[in-house]
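Structure first, then comments.
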Amino acid sequence: MSEQMRAFGYICPDCGRAVYGERTQFALCAAASGLVCDCGRSELTAQPAERDYRITVPCGVCGGEHRAEVPARQILRGEGAALACPETGQLCCYIGEPARVAAALRELEIAVEKGKEGGGEAFVDDVIMYEVLSELKEIAARDGVSCSCGARGCALEVRGGAVDLVCRQCGARLRIPAATDEDLDRLCCQYTLTIKGRG
């Protein structure tokens, strides 16, 4: 019987990406664990201390860093724990069963992206927006987003009925409609996306 895995998830305050990782219960008991974002500029740490774990969380909600002590039983067993940003009250970190953490992290990522737009603009269709964002993240994960200026990757700006892909190098934008089933169907046919750079 394989050892149970525990998952950690947070949003990087620097690049805005969801950061997800799994550790075995043995690894968590044996020593401090760290989860570093791919950009290398943020890291969640979990340090065992007697009956608790000292957790340091980079917060994608307020941009700061928070510390908390969580009972070991929540880290190692059961549904786990969710940590809230003390500045905003919004959950910013999830620890526990991999499936639950992965699902909660997807919702948090969308909430954080929406919050960057001020939170005042509702989505035309929440389900379509969720699917479009998921598809865009899959395209980005396979390095499928580029700009004609030569840059790879992009930043995302979420609108009410669209998502803007923004080149981090030249600032050019590509707007992806995200309001109807047709918008989603068109995006699903795209393996790569190219932003028209500023010449």
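Ordering of the structure tokens sets the chain letters (A, B, ...); residue numbers start at 1 within each chain; ligands are numbered from 1 in the order shown.
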Quiz item: Do you know which residues are at most 9 Å from stretch 16-33 of chain A counting only C-alpha atoms, after dropping those on the same chain fewer than 5 positions away, and could you put them as a PyMOL selection string?
Solution: chain A and resi 3-11+38-39+44-48+60+75-77+98+101-102+105-106+108-109+112-113+155-156
Quiz item: When you draw a straight line from atom CA of A:Asp52 to atom CA of A:Ile95, how long is it in Å?
Solution: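 Calculated distance between atom CA of A:Asp52 and atom CA of A:Ile95 is 13.7 Å.
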Practice problem: Once DSSP has gone over the backbone, tell me which residues of chain A are in helix (DSSP H, G or I), as a PyMOL selection string. | Solution: chain A and resi 25-30+72-76+98-116+126-141+181-188
Quiz item: Could you pull the residues within 7 Å of A:Glu87, counting only C-alpha atoms, minus those fewer than 2 positions along the same chain, as a PyMOL selection string?
Solution: chain A and resi 62+85+89
Quiz item: Skipping near chain neighbours, those fewer than 2 positions away, what residues fall within 7 Å of A:Arg51 using only C-alpha atoms, listed as a PyMOL selection string?
Solution: chain A and resi 49+71-72
Quiz item: Looking only at the backbone, which of the residues in stretch 39-199 of chain A does DSSP tag as strand (DSSP E or B), as a ChimeraX atom specification?
Solution: /A:43-49,52-58,65-71,80-84,91-96,145-147,152,155-158,162-166,173-177,193-195
Practice problem: In Å, rounded to a single decimal, give me how far atom CA of A:Asp14 is from atom CA of A:Val61. | Solution: 10.7 Å
Self-check item: Nearest residue to A:Gly197 from the set A:Ala81, A:Val158, A:Ala68, A:Val166 (distances using only C-alpha atoms)
Solution: A:Val166
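Among the candidate residues A:Val70, A:Ala99, A:Ile55, A:Ile110, the one lying nearest to A:Val132 is A:Ile110, with distances computed using only C-alpha atoms.
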A:Cys149 surroundings by only C-alpha atoms, 12 Å radius, close-in-sequence under 4 positions cut, as a compact mmCIF listing (two decimals) with N, CA, C and O atoms, in the first residue's frame:
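As written to disk, selection-v2.txt reads:
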```
# COMPACT_ATOMS: atom_id res chain seq x y z
N GLY A 153 5.50 33.43 -23.47
CA GLY A 153 4.65 33.58 -22.29
C GLY A 153 3.94 34.92 -22.29
O GLY A 153 4.09 35.74 -23.20
N CYS A 167 1.88 40.81 -23.46
CA CYS A 167 3.30 40.49 -23.56
C CYS A 167 4.07 41.24 -22.49
O CYS A 167 3.94 42.47 -22.37
N ARG A 168 4.85 40.54 -21.69
CA ARG A 168 5.60 41.18 -20.61
C ARG A 168 6.76 42.01 -21.15
O ARG A 168 7.30 42.85 -20.44
N GLN A 169 7.16 41.77 -22.40
CA GLN A 169 8.33 42.46 -22.95
C GLN A 169 7.95 43.76 -23.64
O GLN A 169 8.53 44.81 -23.36
N CYS A 170 6.94 43.71 -24.55
CA CYS A 170 6.60 44.92 -25.30
C CYS A 170 5.25 45.52 -24.92
O CYS A 170 4.90 46.61 -25.35
N GLY A 171 4.45 44.78 -24.13
CA GLY A 171 3.17 45.31 -23.68
C GLY A 171 2.02 45.13 -24.64
O GLY A 171 0.90 45.58 -24.37
N ALA A 172 2.26 44.46 -25.77
CA ALA A 172 1.19 44.22 -26.74
C ALA A 172 0.14 43.29 -26.15
O ALA A 172 0.43 42.51 -25.25
N ARG A 173 -1.10 43.37 -26.70
CA ARG A 173 -2.21 42.60 -26.15
C ARG A 173 -2.90 41.76 -27.22
O ARG A 173 -2.99 42.18 -28.37
N THR A 194 -0.52 33.62 -30.68
CA THR A 194 0.55 34.59 -30.95
C THR A 194 0.01 36.01 -30.77
O THR A 194 -0.97 36.39 -31.40
N ILE A 195 0.66 36.77 -29.91
CA ILE A 195 0.33 38.18 -29.71
C ILE A 195 1.04 38.97 -30.78
O ILE A 195 2.22 38.73 -31.07
N LYS A 196 0.34 39.93 -31.40
CA LYS A 196 0.97 40.80 -32.40
C LYS A 196 1.76 41.88 -31.69
O LYS A 196 1.20 42.79 -31.09
N GLY A 197 3.08 41.75 -31.72
CA GLY A 197 3.95 42.65 -30.98
C GLY A 197 3.97 44.05 -31.54
O GLY A 197 3.58 44.30 -32.69
N ARG A 198 4.44 44.97 -30.71
CA ARG A 198 4.55 46.35 -31.13
C ARG A 198 5.89 46.56 -31.83
O ARG A 198 6.94 46.39 -31.24
N GLY A 199 5.80 46.90 -33.08
CA GLY A 199 7.01 47.06 -33.87
C GLY A 199 7.60 48.45 -33.78
O GLY A 199 6.97 49.36 -33.35
```
Practice problem: Determine, counting only C-alpha atoms, which protein, DNA and RNA residues have an atom within 9 Å of an atom of stretch 134-146 of chain A; residues of the same chain fewer than 5 positions away are not included. Present the result as a ChimeraX atom specification. | Solution: /A:106,129,151-154,165,167,184,187-188,190-195
Using all heavy atoms, can you write the selected residues to a file as a compact mmCIF listing (two decimals), in the first residue's frame?
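Below you can see out-v4.txt, which holds the result:
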```
# COMPACT_ATOMS: atom_id res chain seq x y z
N ARG A 106 -7.64 26.06 -8.15
CA ARG A 106 -8.17 26.59 -9.42
C ARG A 106 -9.16 27.73 -9.15
O ARG A 106 -9.14 28.76 -9.83
CB ARG A 106 -8.84 25.47 -10.21
CG ARG A 106 -7.87 24.52 -10.88
CD ARG A 106 -8.56 23.64 -11.91
NE ARG A 106 -9.55 22.75 -11.32
CZ ARG A 106 -9.30 21.53 -10.90
NH1 ARG A 106 -8.06 21.05 -10.97
NH2 ARG A 106 -10.25 20.76 -10.39
N MET A 129 -16.05 31.51 -18.52
CA MET A 129 -14.78 32.15 -18.11
C MET A 129 -13.85 31.15 -17.45
O MET A 129 -12.64 31.12 -17.75
CB MET A 129 -15.08 33.31 -17.15
CG MET A 129 -13.82 34.01 -16.63
SD MET A 129 -12.80 34.73 -17.94
CE MET A 129 -13.76 36.19 -18.34
N ALA A 151 9.21 37.43 -27.55
CA ALA A 151 9.04 37.00 -26.17
C ALA A 151 8.16 35.75 -26.10
O ALA A 151 7.32 35.51 -26.97
CB ALA A 151 8.42 38.12 -25.34
N ARG A 152 8.35 34.97 -25.05
CA ARG A 152 7.51 33.80 -24.78
C ARG A 152 6.70 34.04 -23.53
O ARG A 152 7.14 34.73 -22.60
CB ARG A 152 8.37 32.54 -24.58
CG ARG A 152 9.38 32.25 -25.66
CD ARG A 152 8.73 31.89 -26.97
NE ARG A 152 7.92 30.67 -26.90
CZ ARG A 152 7.34 30.14 -27.96
NH1 ARG A 152 7.43 30.73 -29.16
NH2 ARG A 152 6.61 29.03 -27.84
N GLY A 153 5.50 33.43 -23.47
CA GLY A 153 4.65 33.58 -22.29
C GLY A 153 3.94 34.92 -22.29
O GLY A 153 4.09 35.74 -23.20
N CYS A 154 3.15 35.15 -21.23
CA CYS A 154 2.39 36.39 -21.15
C CYS A 154 1.82 36.55 -19.75
O CYS A 154 1.89 35.63 -18.93
CB CYS A 154 1.25 36.39 -22.17
SG CYS A 154 -0.04 35.16 -21.79
N LEU A 165 -4.31 38.70 -23.15
CA LEU A 165 -2.95 38.18 -23.01
C LEU A 165 -2.01 39.35 -23.25
O LEU A 165 -2.07 39.99 -24.30
CB LEU A 165 -2.68 37.07 -24.03
CG LEU A 165 -3.70 35.92 -24.11
CD1 LEU A 165 -3.20 34.85 -25.06
CD2 LEU A 165 -3.97 35.34 -22.74
N CYS A 167 1.88 40.81 -23.46
CA CYS A 167 3.30 40.49 -23.56
C CYS A 167 4.07 41.24 -22.49
O CYS A 167 3.94 42.47 -22.37
CB CYS A 167 3.83 40.87 -24.95
SG CYS A 167 5.62 40.67 -25.12
N LEU A 184 -15.48 29.66 -26.45
CA LEU A 184 -14.73 28.53 -25.90
C LEU A 184 -14.34 27.54 -26.99
O LEU A 184 -13.21 27.07 -27.03
CB LEU A 184 -15.56 27.84 -24.82
CG LEU A 184 -14.92 26.61 -24.16
CD1 LEU A 184 -13.59 26.96 -23.50
CD2 LEU A 184 -15.88 26.01 -23.13
N LEU A 187 -11.39 28.79 -28.99
CA LEU A 187 -10.13 28.70 -28.26
C LEU A 187 -9.63 27.26 -28.20
O LEU A 187 -8.43 27.01 -28.32
CB LEU A 187 -10.30 29.26 -26.85
CG LEU A 187 -9.06 29.22 -25.95
CD1 LEU A 187 -7.92 30.05 -26.56
CD2 LEU A 187 -9.39 29.71 -24.55
N CYS A 188 -10.55 26.32 -28.03
CA CYS A 188 -10.17 24.91 -27.91
C CYS A 188 -9.54 24.38 -29.20
O CYS A 188 -8.85 23.35 -29.18
CB CYS A 188 -11.38 24.06 -27.53
SG CYS A 188 -11.92 24.32 -25.81
N GLN A 190 -7.34 26.06 -30.83
CA GLN A 190 -6.01 26.68 -30.94
C GLN A 190 -4.97 25.89 -30.14
O GLN A 190 -5.17 25.68 -28.94
CB GLN A 190 -6.05 28.12 -30.43
CG GLN A 190 -7.08 29.00 -31.10
CD GLN A 190 -6.74 29.27 -32.54
OE1 GLN A 190 -5.59 29.54 -32.88
NE2 GLN A 190 -7.73 29.21 -33.41
N TYR A 191 -3.89 25.48 -30.81
CA TYR A 191 -2.81 24.82 -30.08
C TYR A 191 -1.80 25.85 -29.57
O TYR A 191 -1.18 25.68 -28.53
CB TYR A 191 -2.11 23.78 -30.96
CG TYR A 191 -1.15 22.90 -30.21
CD1 TYR A 191 -1.62 21.84 -29.42
CD2 TYR A 191 0.23 23.14 -30.23
CE1 TYR A 191 -0.75 21.05 -28.69
CE2 TYR A 191 1.10 22.35 -29.51
CZ TYR A 191 0.61 21.30 -28.75
OH TYR A 191 1.48 20.53 -28.03
N THR A 192 -1.65 26.93 -30.34
CA THR A 192 -0.75 28.01 -29.93
C THR A 192 -1.47 29.34 -30.12
O THR A 192 -2.45 29.44 -30.87
CB THR A 192 0.54 28.03 -30.75
OG1 THR A 192 0.22 28.24 -32.14
CG2 THR A 192 1.32 26.73 -30.60
N LEU A 193 -0.98 30.37 -29.43
CA LEU A 193 -1.52 31.72 -29.56
C LEU A 193 -0.36 32.69 -29.74
O LEU A 193 0.65 32.59 -29.04
CB LEU A 193 -2.32 32.10 -28.31
CG LEU A 193 -3.61 31.32 -28.04
CD1 LEU A 193 -4.11 31.60 -26.63
CD2 LEU A 193 -4.67 31.66 -29.07
N THR A 194 -0.52 33.62 -30.68
CA THR A 194 0.55 34.59 -30.95
C THR A 194 0.01 36.01 -30.77
O THR A 194 -0.97 36.39 -31.40
CB THR A 194 1.10 34.44 -32.37
OG1 THR A 194 1.58 33.10 -32.56
CG2 THR A 194 2.26 35.41 -32.60
N ILE A 195 0.66 36.77 -29.91
CA ILE A 195 0.33 38.18 -29.71
C ILE A 195 1.04 38.97 -30.78
O ILE A 195 2.22 38.73 -31.07
CB ILE A 195 0.79 38.64 -28.31
CG1 ILE A 195 0.16 37.77 -27.21
CG2 ILE A 195 0.44 40.11 -28.08
CD1 ILE A 195 0.77 37.95 -25.83
```
